[in-house]
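Trainee: Okay, handing you the structure first.
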Amino acid sequence: MRLLLLALSIIFSSVVYSAPPTPFSVSGTIFEDYNFGGSSRNFNSTLGMSGLSSTWVQLTNSKGTRDEETDLNGNFTFSNVARGSYTLSTIGGHLYSARGDCDDCLPVQVYPAITTGFSRHIVVSNSNIYNANIGINYSTVLNNNDSGAGSLRQFLINSRYLDGNSSKIEKEDLKQFDLPSGYDNAIFTLGSDKTIVLQSPLDMLYTEETSIDARDINLTLKNHRVAQNTDYGLKIHFSEENFIQGLIFDGFDDSVYINDSSEISLDWNTFKNTRDSGITIWGDSDENIITNNVFENNVNAEDVEYQAAALFMNNSNDNKITNNIFINVGDDHRSDGGYTFHVSAIRVYYGNGNLICRQSGLNRHF
């Protein structure tokens with residue numbers, strides 16, 4: 001009997017006096033890496049990163065969700081966290097940028113992984129979790145979607161509005177890792193599919209100091225339907241000092257339409273299979289540079305005779321057009337169907353001071 005009572009006493013004591021699970025904490029920073037160059041980097045304020053204040057962070061497991069708001073430096077802490085596996089996340093649509101204010105701008109996550117998910121996995125075992133950081137960026141193109149977060153179209157929207165002001169990071173302050181400083185560079189982290197099928201023209205509107213350089217990835221922009229009038233690949237309006245390089249435009253009305261814009265550089269692109277021109281430069285578009293491009297099979301159904309050229313320029317001055325290659329455009333390549341206009345490789349309809357030299361190709365007529 002005494003042995004039975006002793007055993008029950010030991011069992012009862014172990015139940016009543018056992019130590020409760022040790023509570024831990026999970027802390028970190030929600031930050032914008034505005035100098036992101038393509039490789040994930042942890043938070044370091046000396047490398048062009050900024051903590052994002054007033055951002056809601058969620059810690060979720062099978063038992064529920066807890067919310068915390070970041071402080072002025074983008075830091076957060078969850079206290080009294082039990083052992084277990086959790087998802088740490090933030091709401092991408094409620095994020096903002098140190099580069100400016102924009103309701104239509106959408107970032108992507110660039111730390112600890114490059115994704116549109118805005119979350120990471122956390123395991124709490126025997127100690128506190130520090131540096132549970134999540135980083136975002138507004139210049140990254142990570143998918144070939146027509147629109148939405150991580151698309152090329154969204155990059156152009158972000159770059160238009162995130163132009164800084166007296167209290168924000170300006171484009172001239174950007175030093176994106178291993179890329180030209182002073183510009184908002186599109187950061188391409190695409191998968192194996194390097195083709196974007198556009199449902200409507202891309203717009204570069206009221207945009208400055210923006211660069212799209214796809215020379216290393218052979219990015220193709222294709223039209224989603226048979227090219228019709230005004231079905232452009234890229235429209236550039238009221239913009240200046242931008243770079244477009246290494247894109248392949250396939251199957252548009254005009255591949256690129258430039259209007260009232262200056263200091264636009266179009267280099268090392270390909271414009272092929274167009275209904276009308278590869279490039280149209282229109283209306284007070286001055287001091288642009290068009291060089292080292294390939295124009296192929298252009299002007300297949302132009303219905304305005306004086307615009308029948310692979311590169312057509314109207315009322316624009318001091319542009320530099322050099323070292324381009326024209327294939328299957330020119331006097332022997334006439335518009336198909338009911339249109340039989342003679343086609344030029346380059347045609348200028350009003351303009352002064354334009355430098356046009358060193359073009360080459362097959363079946364061309366300059």
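Letters for chains follow the order of the structure tokens (A, B, ...), residue numbers begin at 1 for each chain, and ligand numbers begin at 1 in the order shown.
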Going by DSSP on the backbone, which bits of range 104-334 of chain A are alpha helix (DSSP H)? Write them as a PyMOL selection string, please.

Mentor: chain A and resi 152-161

Trainee: Which residues are near range 228-233 of chain A? Cut-off 7 Å, only C-alpha atoms, ignore same chain within fewer than 4 positions. Put them as a ChimeraX atom specification.

Mentor: /A:201-202,249,252-257

Trainee: Tell me, in Å to one decimal, how far CA of Trp282 in chain A is from CA of Phe312 in chain A.

Mentor: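 Separation of CA of Trp282 in chain A and CA of Phe312 in chain A: 8.2 Å.
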
Trainee: State, in Å with one decimal place, the distance from CA of Ala308 in chain A to CA of Val343 in chain A.

Mentor: 5.1 Å

Trainee: Can you pull out the residues contacting range 56-64 of chain A? Cut-off 7 Å, using only C-alpha atoms, and skip same-chain residues under 4 positions away; I want them as JSON, numbers by chain.

Mentor: {"A": [68, 69, 70, 85, 86, 87, 88, 89, 90]}

Trainee: Go ahead and dump the residues you just picked, N, CA and C atoms, as a compact mmCIF listing (two decimals), in the first residue's frame.

Mentor:
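New file again_12.txt:
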# COMPACT_ATOMS: atom_id res chain seq x y z
N GLU A 68 1.32 42.07 -35.98
CA GLU A 68 2.13 43.12 -35.37
C GLU A 68 2.43 44.17 -36.42
N GLU A 69 2.61 45.41 -35.99
CA GLU A 69 2.92 46.52 -36.90
C GLU A 69 4.37 46.93 -36.72
N THR A 70 5.06 47.20 -37.83
CA THR A 70 6.46 47.60 -37.75
C THR A 70 6.59 49.02 -37.18
N SER A 85 6.22 25.41 -36.11
CA SER A 85 6.45 25.95 -37.45
C SER A 85 5.43 27.03 -37.75
N TYR A 86 5.89 28.11 -38.37
CA TYR A 86 5.04 29.26 -38.64
C TYR A 86 5.31 29.80 -40.05
N THR A 87 4.33 30.52 -40.55
CA THR A 87 4.50 31.32 -41.76
C THR A 87 4.49 32.78 -41.36
N LEU A 88 5.57 33.48 -41.69
CA LEU A 88 5.66 34.92 -41.46
C LEU A 88 5.36 35.63 -42.76
N SER A 89 4.44 36.56 -42.76
CA SER A 89 4.04 37.18 -44.02
C SER A 89 3.65 38.64 -43.82
N THR A 90 3.62 39.35 -44.91
CA THR A 90 3.10 40.71 -44.93
C THR A 90 2.20 40.85 -46.14

Trainee: Given the choices A:Ser97, A:Gly38, A:Ser127, A:Phe78, which gets closest to Leu190 in chain A if the distance is worked out from only C-alpha atoms?

Mentor: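 With only C-alpha atoms as the atom set, the closest residue is A:Gly38.
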
Trainee: Which residues are near His224 in chain A? Cut-off 6 Å, only C-alpha atoms, ignore same chain within fewer than 5 positions. Put them as a ChimeraX atom specification.

Mentor: /A:197-199

Trainee: Can you pull out every residue within 7 Å of Asn319 in chain A, counting only C-alpha atoms, but drop anything in the same chain fewer than 4 positions away, and send it as a PyMOL selection string?

Mentor: chain A and resi 286-289+354-355

Trainee: Hey, what's within 12 Å of Phe36 in chain A if we count only C-alpha atoms and toss same-chain stuff fewer than 5 positions away? As a VMD selection string, please?

Mentor: chain A and resid 31 41 to 44 47 to 50 108 to 111 114 135 to 141 174 to 179 181 184 to 189

Trainee: Save the residues we just selected, N, CA, C and O atoms, as a tab-separated table (two decimals), in the first residue's frame?

Mentor:
chain	number	residue	atom	x	y	z
A	31	PHE	N	11.76	45.46	-45.17
A	31	PHE	CA	12.60	46.49	-45.78
A	31	PHE	C	12.47	46.52	-47.29
A	31	PHE	O	12.06	45.53	-47.92
A	41	ARG	N	19.62	39.81	-50.87
A	41	ARG	CA	20.53	40.34	-49.86
A	41	ARG	C	19.75	40.61	-48.58
A	41	ARG	O	18.64	41.14	-48.63
A	42	ASN	N	20.35	40.24	-47.45
A	42	ASN	CA	19.72	40.53	-46.17
A	42	ASN	C	19.82	42.02	-45.86
A	42	ASN	O	20.61	42.75	-46.47
A	43	PHE	N	19.04	42.46	-44.91
A	43	PHE	CA	18.94	43.89	-44.61
A	43	PHE	C	20.28	44.47	-44.17
A	43	PHE	O	20.94	43.95	-43.27
A	44	ASN	N	20.66	45.56	-44.83
A	44	ASN	CA	21.86	46.32	-44.48
A	44	ASN	C	21.62	47.75	-44.94
A	44	ASN	O	21.64	48.03	-46.14
A	47	LEU	N	23.69	49.63	-47.68
A	47	LEU	CA	23.73	49.16	-49.07
A	47	LEU	C	22.54	49.64	-49.89
A	47	LEU	O	22.29	49.11	-50.97
A	48	GLY	N	21.83	50.64	-49.42
A	48	GLY	CA	20.68	51.15	-50.16
A	48	GLY	C	19.41	50.40	-49.83
A	48	GLY	O	18.69	49.94	-50.73
A	49	MET	N	19.14	50.25	-48.56
A	49	MET	CA	17.92	49.60	-48.10
A	49	MET	C	17.27	50.47	-47.04
A	49	MET	O	17.96	51.18	-46.31
A	50	SER	N	15.96	50.37	-46.95
A	50	SER	CA	15.22	51.20	-46.02
A	50	SER	C	14.14	50.38	-45.33
A	50	SER	O	13.37	49.68	-46.01
A	108	VAL	N	7.74	43.20	-55.59
A	108	VAL	CA	7.91	41.76	-55.42
A	108	VAL	C	8.82	41.53	-54.23
A	108	VAL	O	9.54	42.43	-53.79
A	109	GLN	N	8.79	40.34	-53.69
A	109	GLN	CA	9.69	39.98	-52.61
A	109	GLN	C	11.05	39.60	-53.19
A	109	GLN	O	11.12	38.84	-54.16
A	110	VAL	N	12.13	40.10	-52.59
A	110	VAL	CA	13.47	39.76	-53.06
A	110	VAL	C	14.35	39.17	-51.96
A	110	VAL	O	15.50	38.81	-52.21
A	111	TYR	N	13.82	39.08	-50.72
A	111	TYR	CA	14.54	38.42	-49.65
A	111	TYR	C	13.52	37.80	-48.70
A	111	TYR	O	12.52	38.44	-48.38
A	114	ILE	N	13.18	35.36	-54.15
A	114	ILE	CA	12.61	36.26	-55.15
A	114	ILE	C	11.29	35.66	-55.60
A	114	ILE	O	11.24	34.64	-56.28
A	135	GLY	N	12.39	41.28	-47.56
A	135	GLY	CA	12.77	42.42	-48.39
A	135	GLY	C	11.96	42.50	-49.67
A	135	GLY	O	11.58	41.47	-50.23
A	136	ILE	N	11.68	43.72	-50.13
A	136	ILE	CA	10.90	43.93	-51.35
A	136	ILE	C	11.65	44.85	-52.29
A	136	ILE	O	12.62	45.53	-51.91
A	137	ASN	N	11.20	44.88	-53.54
A	137	ASN	CA	11.81	45.72	-54.56
A	137	ASN	C	10.78	46.03	-55.64
A	137	ASN	O	9.92	45.19	-55.94
A	138	TYR	N	10.87	47.20	-56.25
A	138	TYR	CA	9.89	47.65	-57.25
A	138	TYR	C	10.42	47.62	-58.68
A	138	TYR	O	9.72	48.03	-59.60
A	139	SER	N	11.65	47.14	-58.89
A	139	SER	CA	12.24	47.17	-60.23
A	139	SER	C	12.40	45.78	-60.84
A	139	SER	O	12.92	45.67	-61.95
A	140	THR	N	11.98	44.76	-60.15
A	140	THR	CA	12.24	43.39	-60.56
A	140	THR	C	11.16	42.85	-61.49
A	140	THR	O	9.97	42.97	-61.22
A	141	VAL	N	11.60	42.26	-62.61
A	141	VAL	CA	10.72	41.57	-63.55
A	141	VAL	C	11.01	40.08	-63.41
A	141	VAL	O	12.05	39.60	-63.84
A	174	LEU	N	19.91	56.16	-57.13
A	174	LEU	CA	19.93	54.70	-57.18
A	174	LEU	C	21.30	54.20	-57.63
A	174	LEU	O	21.92	54.73	-58.54
A	175	LYS	N	21.74	53.14	-56.96
A	175	LYS	CA	22.99	52.46	-57.30
A	175	LYS	C	22.72	50.96	-57.26
A	175	LYS	O	23.29	50.24	-56.46
A	176	GLN	N	21.85	50.53	-58.16
A	176	GLN	CA	21.47	49.12	-58.19
A	176	GLN	C	22.71	48.27	-58.50
A	176	GLN	O	23.45	48.55	-59.44
A	177	PHE	N	22.91	47.25	-57.70
A	177	PHE	CA	24.15	46.49	-57.72
A	177	PHE	C	24.49	45.99	-59.12
A	177	PHE	O	23.70	45.32	-59.78
A	178	ASP	N	25.70	46.35	-59.57
A	178	ASP	CA	26.26	45.88	-60.85
A	178	ASP	C	25.49	46.39	-62.06
A	178	ASP	O	25.52	45.77	-63.13
A	179	LEU	N	24.79	47.53	-61.91
A	179	LEU	CA	24.03	48.12	-63.00
A	179	LEU	C	24.33	49.63	-63.06
A	179	LEU	O	24.84	50.19	-62.08
A	181	SER	N	24.42	53.39	-62.52
A	181	SER	CA	23.90	54.22	-61.44
A	181	SER	C	23.08	55.37	-62.00
A	181	SER	O	23.28	55.80	-63.14
A	184	ASP	N	16.67	53.85	-62.98
A	184	ASP	CA	15.86	52.74	-62.50
A	184	ASP	C	15.96	51.64	-63.55
A	184	ASP	O	15.34	51.71	-64.61
A	185	ASN	N	16.75	50.61	-63.26
A	185	ASN	CA	16.99	49.53	-64.19
A	185	ASN	C	15.99	48.39	-63.97
A	185	ASN	O	15.76	47.99	-62.82
A	186	ALA	N	15.43	47.86	-65.04
A	186	ALA	CA	14.62	46.66	-64.93
A	186	ALA	C	15.54	45.50	-64.55
A	186	ALA	O	16.53	45.23	-65.24
A	187	ILE	N	15.22	44.81	-63.45
A	187	ILE	CA	16.02	43.69	-62.98
A	187	ILE	C	15.33	42.41	-63.42
A	187	ILE	O	14.28	42.04	-62.91
A	188	PHE	N	15.91	41.71	-64.40
A	188	PHE	CA	15.28	40.52	-64.95
A	188	PHE	C	15.74	39.28	-64.20
A	188	PHE	O	16.94	38.98	-64.13
A	189	THR	N	14.77	38.55	-63.62
A	189	THR	CA	15.04	37.27	-62.98
A	189	THR	C	14.06	36.23	-63.52
A	189	THR	O	13.47	35.45	-62.77

Trainee: Between A:Ser344, A:Ser239, A:Thr207, A:Asn144, which is the closest to Leu221 in chain A once you count only C-alpha atoms?

Mentor: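 Nearest candidate to Leu221 in chain A out of A:Ser344, A:Ser239, A:Thr207, A:Asn144: A:Asn144.
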